[in-house]
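Everything below belongs to protein-v3.txt, which stores compact mmCIF, C-alpha atoms.
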# COMPACT_ATOMS: atom_id res chain seq x y z
CA MET A 461 -239.59 -11.50 173.80
CA TYR A 462 -237.45 -12.98 171.00
CA ARG A 463 -236.23 -10.58 168.31
CA ALA A 464 -234.29 -11.80 165.25
CA MET A 465 -230.80 -10.44 164.75
CA HIS A 466 -230.85 -7.19 162.80
CA TRP A 467 -228.24 -5.64 160.58
CA LEU A 468 -227.46 -2.00 160.05
CA SER A 469 -224.87 -0.19 158.00
CA ASP A 470 -221.87 1.26 159.79
CA ASN A 471 -220.97 4.84 158.87
CA PHE A 472 -222.60 4.61 155.44
CA HIS A 473 -222.67 8.41 155.26
CA MET A 474 -218.88 8.48 155.51
CA LEU A 475 -218.30 6.37 152.40
CA LEU A 476 -217.12 8.05 149.20
CA VAL A 477 -218.96 6.54 146.26
CA ALA A 478 -218.22 6.73 142.54
CA ASP A 479 -221.09 5.51 140.36
CA TRP A 480 -220.09 3.86 137.08
CA ASP A 481 -223.48 2.96 135.52
CA GLY A 482 -224.59 0.39 138.05
CA GLU A 483 -221.13 -0.56 139.26
CA TYR A 484 -219.61 1.28 142.16
CA THR A 485 -216.19 1.98 143.57
CA VAL A 486 -216.39 2.90 147.22
CA PHE A 487 -213.77 4.39 149.51
CA GLN A 488 -214.12 3.52 153.18
CA PRO A 489 -212.28 6.16 155.24
CA ASP A 490 -212.31 4.04 158.43
CA SER A 491 -210.15 1.34 156.86
CA GLY A 492 -208.60 3.27 153.96
CA LYS A 493 -209.78 0.48 151.66
CA THR A 494 -211.48 0.79 148.28
CA HIS A 495 -214.23 -1.69 147.38
CA PHE A 496 -215.91 -2.66 144.13
CA PHE A 497 -219.69 -3.19 144.45
CA ASN A 498 -222.43 -4.24 142.08
CA GLN A 499 -225.90 -2.74 142.21
CA MET A 500 -227.25 -5.27 144.70
CA SER A 501 -224.46 -4.68 147.22
CA MET A 502 -225.00 -0.95 146.99
CA ASP A 503 -228.79 -1.40 147.38
CA MET A 504 -228.15 -3.49 150.48
CA LEU A 505 -225.95 -0.88 152.14
CA SER A 506 -228.28 1.91 151.18
CA PHE A 507 -231.29 -0.02 152.58
CA LEU A 508 -229.46 -0.69 155.85
CA SER A 509 -228.57 2.97 156.19
CA GLN A 510 -232.28 3.78 156.50
CA ARG A 511 -233.06 1.40 159.39
CA PRO A 512 -231.90 -1.89 160.92
CA ALA A 513 -233.34 -4.98 159.21
CA SER A 514 -233.34 -8.74 159.64
CA THR A 515 -231.83 -11.04 157.03
CA GLU A 516 -235.36 -11.95 155.90
CA GLU A 517 -236.33 -8.30 155.45
CA ILE A 518 -233.16 -7.60 153.53
CA CYS A 519 -233.77 -10.59 151.25
CA ASP A 520 -237.34 -9.54 150.70
CA TYR A 521 -236.30 -6.00 149.76
CA LEU A 522 -233.45 -7.08 147.48
CA SER A 523 -235.48 -9.76 145.73
CA ARG A 524 -238.06 -7.14 144.83
CA GLN A 525 -235.39 -4.70 143.67
CA SER A 526 -233.63 -7.29 141.51
CA GLU A 527 -236.76 -9.26 140.54
CA GLN A 528 -235.24 -12.51 141.75
CA ALA A 529 -237.02 -15.25 143.69
CA PRO A 530 -236.11 -15.07 147.40
CA ASP A 531 -235.36 -18.80 147.57
CA LYS A 532 -232.90 -20.54 149.87
CA ASN A 533 -230.00 -20.04 147.49
CA PHE A 534 -230.68 -16.30 147.25
CA GLN A 535 -230.94 -16.01 151.02
CA ASP A 536 -227.67 -17.93 151.53
CA ASN A 537 -225.86 -15.57 149.16
CA ILE A 538 -227.22 -12.49 150.87
CA GLU A 539 -226.20 -13.88 154.24
CA LYS A 540 -222.67 -14.50 152.95
CA ILE A 541 -222.42 -10.93 151.71
CA LEU A 542 -223.69 -9.61 155.05
CA TYR A 543 -221.04 -11.52 157.01
CA HIS A 544 -218.39 -10.37 154.52
CA PHE A 545 -219.51 -6.75 154.94
CA ASP A 546 -219.47 -7.26 158.70
CA ALA A 547 -215.83 -8.38 158.49
CA LEU A 548 -215.02 -5.29 156.42
CA GLY A 549 -216.73 -3.00 158.94
CA LEU A 550 -219.39 -1.88 156.49
CA VAL A 551 -222.33 -3.31 158.47
CA LYS A 552 -222.80 -4.39 162.05
CA LYS A 553 -225.16 -6.68 163.93
CA GLU A 554 -227.76 -5.46 166.35
CA ILE A 555 -229.07 -8.18 168.65
CA MET B 1292 -166.08 19.36 137.03
CA LEU B 1293 -169.64 20.15 138.15
CA LEU B 1294 -170.32 16.55 139.08
CA ARG B 1295 -167.13 16.32 141.14
CA ASN B 1296 -167.42 19.65 142.99
CA GLN B 1297 -170.76 21.29 143.77
CA GLY B 1298 -172.71 18.58 141.95
CA LEU B 1299 -174.69 18.59 138.72
CA LYS B 1300 -178.00 20.31 139.39
CA VAL B 1301 -180.67 19.45 136.84
CA ALA B 1302 -184.41 19.86 136.51
CA ILE B 1303 -186.09 16.48 136.04
CA GLY B 1304 -189.72 17.31 135.41
CA PRO B 1305 -191.14 19.13 138.45
CA PHE B 1306 -188.18 18.14 140.63
CA ASN B 1307 -184.64 19.43 140.92
CA VAL B 1308 -181.93 16.87 141.53
CA ARG B 1309 -178.31 17.38 142.52
CA ILE B 1310 -175.95 14.58 141.51
CA HIS B 1311 -172.47 14.16 142.95
CA THR B 1312 -169.92 11.64 141.82
CA HIS B 1313 -166.21 11.21 141.24
CA HIS B 1314 -166.70 8.03 139.23
CA GLN B 1315 -165.19 8.92 135.85
CA PRO B 1316 -167.03 6.33 133.68
CA LEU B 1317 -170.37 7.53 135.12
CA ILE B 1318 -169.43 11.17 134.46
CA LYS B 1319 -168.77 10.28 130.83
CA GLN B 1320 -172.13 8.51 130.49
CA LEU B 1321 -174.02 11.37 132.13
CA TYR B 1322 -172.29 13.84 129.82
CA MET B 1323 -173.84 11.99 126.85
CA LEU B 1324 -177.23 11.00 128.28
CA TYR B 1325 -178.08 14.03 130.45
CA SER B 1326 -177.01 16.60 127.88
CA HIS B 1327 -180.55 17.93 127.25
CA TYR B 1328 -181.53 18.47 130.88
CA ARG B 1329 -181.99 22.06 132.01
CA LEU B 1330 -179.33 23.11 134.50
CA VAL B 1331 -180.65 24.56 137.73
CA GLN B 1332 -179.10 27.60 139.38
CA ASP B 1333 -180.66 29.11 142.50
CA GLU B 1334 -183.68 26.87 142.92
CA ILE B 1335 -184.62 24.51 145.74
CA ILE B 1336 -183.22 21.03 145.24
CA GLU B 1337 -185.61 18.21 146.16
CA PHE B 1338 -183.19 15.30 145.87
CA HIS B 1339 -179.48 15.34 146.77
CA VAL B 1340 -177.99 12.12 145.45
CA ARG B 1341 -174.48 10.77 145.22
CA ILE B 1342 -172.72 7.81 143.68
CA ASN B 1343 -169.68 6.91 145.77
CA THR B 1344 -167.08 4.29 145.01
CA GLU B 1345 -165.86 1.82 147.61
CA ARG B 1346 -163.79 -1.33 147.77
CA SER B 1347 -165.71 -4.59 147.82
CA ILE B 1348 -165.35 -6.33 151.21
CA ARG B 1349 -165.36 -9.77 149.57
CA ASN B 1350 -162.91 -8.77 146.88
CA PRO B 1351 -160.81 -5.72 147.79
CA LEU B 1352 -159.41 -5.52 144.27
CA ARG B 1353 -162.87 -4.84 142.98
CA LEU B 1354 -164.54 -1.41 142.98
CA ASN B 1355 -168.20 -1.07 143.89
CA VAL B 1356 -170.56 1.88 143.72
CA ARG B 1357 -173.06 2.95 146.35
CA PHE B 1358 -176.09 5.21 145.91
CA LEU B 1359 -176.72 7.76 148.63
CA ILE B 1360 -179.63 10.11 149.10
CA ASP B 1361 -179.25 12.82 151.75
CA GLY B 1362 -176.28 10.82 153.02
CA GLN B 1363 -178.34 7.63 153.50
CA SER B 1364 -177.82 4.45 151.52
CA PRO B 1365 -181.17 2.77 150.72
CA PHE B 1366 -179.64 -0.33 149.18
CA GLU B 1367 -176.45 -2.38 148.95
CA SER B 1368 -173.46 -1.53 146.77
CA PHE B 1369 -173.18 -2.76 143.19
CA PRO B 1370 -170.31 -3.48 140.78
CA GLU B 1371 -168.96 -0.22 139.38
CA GLU B 1372 -170.04 -1.10 135.81
CA GLN B 1373 -173.63 -0.67 137.00
CA ALA B 1374 -173.15 2.90 138.25
CA LEU B 1375 -175.58 4.52 135.79
CA ALA B 1376 -178.28 1.89 136.41
CA VAL B 1377 -177.84 2.29 140.18
CA LEU B 1378 -178.13 6.09 139.93
CA GLU B 1379 -181.31 5.83 137.85
CA TRP B 1380 -182.91 3.23 140.17
CA GLY B 1381 -181.98 5.34 143.16
CA ILE B 1382 -183.61 8.49 141.78
CA ASN B 1383 -186.71 6.47 140.87
CA LEU B 1384 -186.86 5.05 144.38
CA ALA B 1385 -186.56 8.52 145.89
CA ILE B 1386 -189.44 9.78 143.76
CA ALA B 1387 -191.60 6.71 144.47
CA VAL B 1388 -191.10 6.91 148.22
CA ARG B 1389 -191.05 10.65 148.85
CA VAL B 1390 -193.57 12.22 146.50
CA ASN B 1391 -196.96 12.35 148.18
CA HIS B 1392 -198.36 15.69 147.08
CA LEU B 1393 -199.20 14.16 143.66
CA LEU B 1394 -200.94 10.95 142.66
CA LEU B 1395 -198.02 8.80 141.59
CA LEU B 1396 -198.95 6.14 139.06
CA HIS B 1397 -196.65 3.37 137.90
CA SER B 1398 -197.21 4.29 134.30
CA ALA B 1399 -195.61 5.30 131.06
CA VAL B 1400 -197.06 8.56 129.72
CA VAL B 1401 -196.85 10.20 126.31
CA GLU B 1402 -198.60 13.22 124.86
CA LYS B 1403 -200.08 13.99 121.48
CA LYS B 1404 -202.10 17.02 120.38
CA GLY B 1405 -202.09 18.37 123.92
CA ALA B 1406 -203.61 15.24 125.49
CA ALA B 1407 -201.82 12.67 127.63
CA ILE B 1408 -202.07 8.90 127.23
CA LEU B 1409 -201.36 6.91 130.37
CA PHE B 1410 -200.04 3.34 130.08
CA PRO B 1411 -200.27 2.00 133.62
CA ALA B 1412 -198.49 -1.31 134.03
CA TRP B 1413 -196.27 -3.24 136.40
CA PRO B 1414 -192.72 -4.26 135.40
CA GLY B 1415 -192.47 -6.75 132.57
CA SER B 1416 -195.41 -5.39 130.59
CA GLY B 1417 -193.17 -3.76 127.98
CA LYS B 1418 -194.07 -0.17 128.80
CA THR B 1419 -190.51 1.17 128.51
CA THR B 1420 -190.03 -0.37 125.06
CA LEU B 1421 -193.44 0.86 123.93
CA CYS B 1422 -192.77 4.31 125.31
CA THR B 1423 -189.35 4.49 123.61
CA ALA B 1424 -190.90 3.62 120.26
CA LEU B 1425 -193.74 6.11 120.65
CA CYS B 1426 -191.60 9.05 121.71
CA HIS B 1427 -189.43 8.62 118.61
CA ARG B 1428 -192.51 8.43 116.39
CA GLY B 1429 -194.51 11.57 116.89
CA PHE B 1430 -195.45 11.38 120.58
CA ARG B 1431 -193.93 13.55 123.29
CA LEU B 1432 -192.34 11.67 126.19
CA PHE B 1433 -193.66 12.41 129.66
CA SER B 1434 -192.20 9.33 131.36
CA ASP B 1435 -191.65 5.63 130.88
CA GLU B 1436 -192.14 5.03 134.62
CA PHE B 1437 -194.20 7.67 136.44
CA GLY B 1438 -197.62 9.19 135.83
CA LEU B 1439 -197.52 12.28 138.02
CA MET B 1440 -201.02 13.68 138.45
CA ASP B 1441 -201.55 17.01 140.17
CA TYR B 1442 -205.15 16.31 141.24
CA GLN B 1443 -205.74 19.88 142.37
CA ARG B 1444 -204.95 21.28 138.92
CA ASP B 1445 -206.07 18.14 137.02
CA VAL B 1446 -202.88 17.94 134.98
CA ILE B 1447 -200.16 15.39 134.34
CA TYR B 1448 -196.55 16.53 134.79
CA PRO B 1449 -193.85 15.44 132.36
CA ILE B 1450 -190.87 13.83 134.03
CA PRO B 1451 -188.74 12.65 131.11
CA ARG B 1452 -185.99 10.37 132.40
CA LEU B 1453 -183.60 7.95 130.78
CA MET B 1454 -185.51 4.90 129.58
CA PRO B 1455 -183.87 1.64 130.70
CA LEU B 1456 -184.38 -0.96 128.00
CA LYS B 1457 -183.88 -4.51 129.17
CA ASN B 1458 -182.52 -7.62 127.51
CA GLU B 1459 -184.04 -8.41 124.09
CA SER B 1460 -185.70 -5.02 123.81
CA ILE B 1461 -182.26 -3.36 123.46
CA ALA B 1462 -181.59 -5.00 120.10
CA VAL B 1463 -185.21 -4.46 119.02
CA ILE B 1464 -184.98 -0.70 119.62
CA ARG B 1465 -181.47 -0.37 118.14
CA LYS B 1466 -182.81 -1.93 114.94
CA LEU B 1467 -186.15 -0.13 114.90
CA LEU B 1468 -184.85 3.32 115.88
CA PRO B 1469 -181.28 3.81 114.66
CA GLN B 1470 -181.62 7.51 115.47
CA ALA B 1471 -182.18 6.83 119.19
CA VAL B 1472 -179.29 7.75 121.49
CA ILE B 1473 -178.65 4.70 123.63
CA GLY B 1474 -175.97 4.30 126.29
CA GLN B 1475 -173.74 1.30 126.61
CA SER B 1476 -175.24 -2.03 127.59
CA ILE B 1477 -174.83 -2.90 131.26
CA PRO B 1478 -174.86 -6.68 131.70
CA ASN B 1479 -175.57 -8.80 134.79
CA THR B 1480 -177.79 -6.36 136.68
CA HIS B 1481 -180.62 -7.84 138.75
CA LYS B 1482 -182.88 -7.03 135.78
CA GLY B 1483 -180.52 -8.60 133.24
CA THR B 1484 -178.79 -6.43 130.65
CA VAL B 1485 -179.89 -2.80 130.71
CA ALA B 1486 -179.21 0.06 128.26
CA HIS B 1487 -180.55 3.58 128.74
CA VAL B 1488 -182.22 5.62 126.02
CA ARG B 1489 -181.84 9.40 126.11
CA PRO B 1490 -185.21 11.19 125.90
CA PRO B 1491 -185.65 13.01 122.56
CA GLU B 1492 -184.52 16.63 122.69
CA GLU B 1493 -188.00 17.95 121.85
CA SER B 1494 -189.50 16.13 124.85
CA MET B 1495 -186.86 17.66 127.10
CA ARG B 1496 -187.38 21.14 125.67
CA LEU B 1497 -191.11 20.98 126.40
CA SER B 1498 -190.77 19.24 129.75
CA GLU B 1499 -192.47 22.06 131.63
CA ASN B 1500 -195.63 21.81 129.51
CA THR B 1501 -198.25 19.79 131.38
CA ALA B 1502 -201.24 18.07 129.76
CA LYS B 1503 -204.62 16.74 130.75
CA ALA B 1504 -205.12 12.96 130.61
CA ARG B 1505 -207.44 11.80 127.84
CA TRP B 1506 -206.78 8.04 127.53
CA ILE B 1507 -205.85 5.29 129.97
CA ILE B 1508 -204.49 2.21 128.21
CA PHE B 1509 -203.36 -0.88 130.13
CA PRO B 1510 -200.66 -2.43 127.90
CA LYS B 1511 -199.38 -5.98 127.76
CA TRP B 1512 -196.72 -7.21 125.38
CA ILE B 1513 -197.40 -10.84 124.43
CA VAL B 1514 -195.19 -12.75 122.02
CA GLN B 1515 -196.73 -12.83 118.51
CA ALA B 1516 -200.00 -11.28 119.73
CA GLU B 1517 -202.09 -9.27 117.30
CA THR B 1518 -202.58 -5.63 118.20
CA GLN B 1519 -205.86 -5.38 120.09
CA LEU B 1520 -207.25 -2.29 121.71
CA GLU B 1521 -210.34 -3.23 123.75
CA PRO B 1522 -212.52 -0.80 125.71
CA ILE B 1523 -212.69 -1.59 129.40
CA ALA B 1524 -215.48 -0.81 131.91
CA ASP B 1525 -214.87 2.31 134.00
CA ALA B 1526 -215.21 0.53 137.34
CA GLU B 1527 -212.64 -2.07 136.31
CA ALA B 1528 -210.30 0.65 135.04
CA PHE B 1529 -210.71 2.42 138.39
CA MET B 1530 -209.68 -0.66 140.37
CA LEU B 1531 -206.74 -1.40 138.06
CA LEU B 1532 -205.53 2.19 138.20
CA ALA B 1533 -205.88 2.48 141.99
CA SER B 1534 -203.95 -0.76 142.52
CA ASN B 1535 -201.25 0.54 140.18
CA ALA B 1536 -200.55 3.77 142.08
CA PHE B 1537 -197.54 3.95 144.40
CA ASN B 1538 -199.25 6.22 146.91
CA TYR B 1539 -203.01 5.65 146.47
CA GLU B 1540 -203.49 4.44 150.05
CA VAL B 1541 -201.28 7.18 151.48
CA LEU B 1542 -203.42 9.84 149.79
CA GLY B 1543 -206.67 8.33 151.16
CA ALA B 1544 -209.77 10.21 150.01
CA HIS B 1545 -207.63 12.48 147.79
CA GLY B 1546 -206.33 9.40 145.98
CA PHE B 1547 -209.85 8.06 145.50
CA ARG B 1548 -211.11 11.35 144.06
CA ALA B 1549 -208.02 11.69 141.84
CA VAL B 1550 -208.51 8.24 140.32
CA GLU B 1551 -212.24 8.93 139.92
CA GLN B 1552 -211.43 12.17 138.12
CA LEU B 1553 -208.96 10.44 135.79
CA VAL B 1554 -211.31 7.60 134.88
CA ALA B 1555 -214.25 9.97 134.39
CA GLN B 1556 -212.35 12.15 131.89
CA CYS B 1557 -210.54 9.35 130.00
CA ASP B 1558 -211.45 6.61 127.56
CA CYS B 1559 -210.08 3.39 129.01
CA TYR B 1560 -208.71 0.40 127.10
CA THR B 1561 -206.62 -2.71 127.43
CA LEU B 1562 -203.95 -3.20 124.81
CA THR B 1563 -202.21 -6.42 123.80
CA TYR B 1564 -199.50 -6.23 121.17
CA SER B 1565 -196.24 -7.62 119.91
CA ASP B 1566 -195.48 -5.36 116.92
CA LEU B 1567 -194.33 -1.82 117.71
CA ASP B 1568 -195.13 -0.50 114.21
CA GLU B 1569 -198.69 -1.80 114.42
CA VAL B 1570 -199.31 -0.42 117.87
CA THR B 1571 -197.94 3.01 116.88
CA THR B 1572 -200.33 3.10 113.93
CA ALA B 1573 -203.26 1.98 116.10
CA LEU B 1574 -202.58 4.73 118.64
CA HIS B 1575 -202.25 7.43 115.97
CA GLN B 1576 -205.58 6.23 114.58
CA LEU B 1577 -207.22 6.30 118.02
CA ILE B 1578 -206.16 9.91 118.47
CA ASP B 1579 -207.14 11.00 114.96
CA GLU B 1580 -210.62 9.50 115.36
CA SER B 1581 -211.31 11.16 118.70

Output the structure of this file as structure tokens.
Amino acid sequence: MYRAMHWLSDNFHMLLVADWDGEYTVFQPDSGKTHFFNQMSMDMLSFLSQRPASTEEICDYLSRQSEQAPDKNFQDNIEKILYHFDALGLVKKEI
Amino acid sequence: MLLRNQGLKVAIGPFNVRIHTHHQPLIKQLYMLYSHYRLVQDEIIEFHVRINTERSIRNPLRLNVRFLIDGQSPFESFPEEQALAVLEWGINLAIAVRVNHLLLLHSAVVEKKGAAILFPAWPGSGKTTLCTALCHRGFRLFSDEFGLMDYQRDVIYPIPRLMPLKNESIAVIRKLLPQAVIGQSIPNTHKGTVAHVRPPEESMRLSENTAKARWIIFPKWIVQAETQLEPIADAEAFMLLASNAFNYEVLGAHGFRAVEQLVAQCDCYTLTYSDLDEVTTALHQLIDES
């Protein structure tokens, strides 16, 4: 039976997070890198730390959180961020 | 005599440095510019440095100087006229490369009313000139080059060193601060002409008194710019400060928490300026209003 690709966060619990009123600086011990995230990026990682989710589920959740329409443009942006996070080792794919 | 024999042992902020040289012109300059440093007796020396003279291979009639730390030479030799500049760069390099028990920011630091102001900036931002002006006008010099944060104690260490003015700023400071003690100009270095300012005596006398950081100000000298002090978002200040530290990545999670601690306790600004009188007034005002 076909199952869409799912995403999940990778070692979210290991990240050190500093919250600056809706902007975040995040230290990733695995890479030694520090990242700057907005609220939506942090919501995405936090959501994926709860359970694996498909791109559609992630878009649906984030569009409700940010009160934006989950149109094609929105979905494309979310997908870009997911692949970027994958390259950084912050999320991984589960097929 | 000290410099020639057992070496001149001085306390430079939290570090002790032993300097050896037989180069007479350098000895004369150090006699004038290092006169306020505390001499060290039976304490551990962190940095053993030496300025040796040698004949130039290309031109055997010419004398060069070479900087050595623990017997190793980290860079090439230089014309002997640059001996003081080479010694100062060498000590800075040793601190930048070897100090990893503190967060080491590339930053000028001054203190007023018990609180430290950090001016993190990369070379060319005018921080040495700004720092020279401020420490002769009511601020205590911590450093024109290093912000040394002890993140376990949450304090900034003073490390008052000679301040190397470059090019046009030498004439600017000579005119603005006739009371400043400035060494001879050293032309044709890889940074242009350099002249070193001796830290004010008061700053040297109090160089063991640490302070807590209260402001982080990212300065930029721009020709004919009006003085503008603009608040900056904490997250942006964090990223700027982290990218400015020499050893942020080496310290890992400690570095992250140290920068977080600094940004959380400080008001953060960007500063553009061209007039040293104006900027001094603006900073006094900032402190008085806080």

message: Excluding Ser523 in chain A and its own-chain neighbours fewer than 5 positions away, which residues fall within 12 Å of it when counting only C-alpha atoms? Please give them as number ranges by chain.
response: A: 500, 503-504, 515-518, 528-535, 537-538

- request: Record the distance separating CA of Lys1403 in chain B and CA of Leu1574 in chain B, expressed in Å with one decimal.
  value: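 Separating CA of Lys1403 in chain B from CA of Leu1574 in chain B is a distance of 10.0 Å.
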
task: Write down, as a list in words, each residue of chain B that has any atom within 10 Å of an atom of chain A, counting all atoms listed in the file.
output: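 Contact residues on the first chain: Ala1524, Asp1525, Ala1526, Glu1527, Phe1529, Met1530, Ala1533, Ser1534, Tyr1539, Glu1540, Val1541, Leu1542, Gly1543, Ala1544, Gly1546, Phe1547, Arg1548, Glu1551, Gln1552, Val1554 and Ala1555 of chain B.
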
Would you output that residue set with C-alpha atoms, as a PDB file, keeping the file's coordinate frame?
ATOM      1  CA  ALA B1524    -215.480  -0.810 131.910  1.00  0.00           C
ATOM      2  CA  ASP B1525    -214.870   2.310 134.000  1.00  0.00           C
ATOM      3  CA  ALA B1526    -215.210   0.530 137.340  1.00  0.00           C
ATOM      4  CA  GLU B1527    -212.640  -2.070 136.310  1.00  0.00           C
ATOM      5  CA  PHE B1529    -210.710   2.420 138.390  1.00  0.00           C
ATOM      6  CA  MET B1530    -209.680  -0.660 140.370  1.00  0.00           C
ATOM      7  CA  ALA B1533    -205.880   2.480 141.990  1.00  0.00           C
ATOM      8  CA  SER B1534    -203.950  -0.760 142.520  1.00  0.00           C
ATOM      9  CA  TYR B1539    -203.010   5.650 146.470  1.00  0.00           C
ATOM     10  CA  GLU B1540    -203.490   4.440 150.050  1.00  0.00           C
ATOM     11  CA  VAL B1541    -201.280   7.180 151.480  1.00  0.00           C
ATOM     12  CA  LEU B1542    -203.420   9.840 149.790  1.00  0.00           C
ATOM     13  CA  GLY B1543    -206.670   8.330 151.160  1.00  0.00           C
ATOM     14  CA  ALA B1544    -209.770  10.210 150.010  1.00  0.00           C
ATOM     15  CA  GLY B1546    -206.330   9.400 145.980  1.00  0.00           C
ATOM     16  CA  PHE B1547    -209.850   8.060 145.500  1.00  0.00           C
ATOM     17  CA  ARG B1548    -211.110  11.350 144.060  1.00  0.00           C
ATOM     18  CA  GLU B1551    -212.240   8.930 139.920  1.00  0.00           C
ATOM     19  CA  GLN B1552    -211.430  12.170 138.120  1.00  0.00           C
ATOM     20  CA  VAL B1554    -211.310   7.600 134.880  1.00  0.00           C
ATOM     21  CA  ALA B1555    -214.250   9.970 134.390  1.00  0.00           C
TER      22      ALA B1555
END

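Our summary of the geometry notes that CA of Asp1566 in chain B is positioned 21.3 Å from CA of Val1472 in chain B.
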
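Neighbours of Ser1416 in chain B closer than or equal to 8 Å, with all atoms listed in the file counted and sequence neighbours fewer than 6 positions away skipped, come out as Pro1510, Lys1511 and Trp1512 of chain B.
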
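Atom to atom, CA of Arg1431 in chain B and CA of Val1400 in chain B stand 8.7 Å apart.
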
task: Return the single residue from A:Asn471, A:Met465, A:Asp520, A:Ser501 that is closest to His544 in chain A, with distances computed using only C-alpha atoms.
output: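 Comparing A:Asn471, A:Met465, A:Asp520, A:Ser501 against His544 in chain A, the winner is A:Ser501.
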
query: Can you tell me, as a list in words, what residues are no more than 9 Å from His466 in chain A when counting only C-alpha atoms, ignoring any on the same chain fewer than 4 positions away?
result: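 Result of the neighbour search: Pro512, Ala513, Ser514, Thr515, Lys552, Lys553, Glu554 and Ile555 of chain A.
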
Serialized range 477-499 of chain A w/ C-alpha atoms as a PDB file, in the first residue's frame:
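The resulting decode_2.pdb:
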ATOM      1  CA  VAL A 477      17.254  27.247  21.670  1.00  0.00           C
ATOM      2  CA  ALA A 478      17.281  30.922  22.620  1.00  0.00           C
ATOM      3  CA  ASP A 479      13.900  32.622  22.196  1.00  0.00           C
ATOM      4  CA  TRP A 480      14.000  36.305  21.235  1.00  0.00           C
ATOM      5  CA  ASP A 481      10.281  37.221  21.048  1.00  0.00           C
ATOM      6  CA  GLY A 482       9.330  35.079  18.091  1.00  0.00           C
ATOM      7  CA  GLU A 483      12.785  34.872  16.569  1.00  0.00           C
ATOM      8  CA  TYR A 484      15.088  32.065  17.553  1.00  0.00           C
ATOM      9  CA  THR A 485      18.773  31.333  17.584  1.00  0.00           C
ATOM     10  CA  VAL A 486      19.418  27.620  17.680  1.00  0.00           C
ATOM     11  CA  PHE A 487      22.619  25.713  18.356  1.00  0.00           C
ATOM     12  CA  GLN A 488      22.862  22.303  16.722  1.00  0.00           C
ATOM     13  CA  PRO A 489      25.421  20.214  18.640  1.00  0.00           C
ATOM     14  CA  ASP A 490      25.707  17.578  15.867  1.00  0.00           C
ATOM     15  CA  SER A 491      27.118  20.094  13.394  1.00  0.00           C
ATOM     16  CA  GLY A 492      28.338  22.815  15.766  1.00  0.00           C
ATOM     17  CA  LYS A 493      26.351  25.314  13.694  1.00  0.00           C
ATOM     18  CA  THR A 494      24.094  28.100  14.916  1.00  0.00           C
ATOM     19  CA  HIS A 495      20.900  28.855  12.977  1.00  0.00           C
ATOM     20  CA  PHE A 496      18.498  31.778  12.931  1.00  0.00           C
ATOM     21  CA  PHE A 497      14.813  30.748  12.715  1.00  0.00           C
ATOM     22  CA  ASN A 498      11.549  32.618  12.488  1.00  0.00           C
ATOM     23  CA  GLN A 499       8.414  31.440  14.250  1.00  0.00           C
TER      24      GLN A 499
END
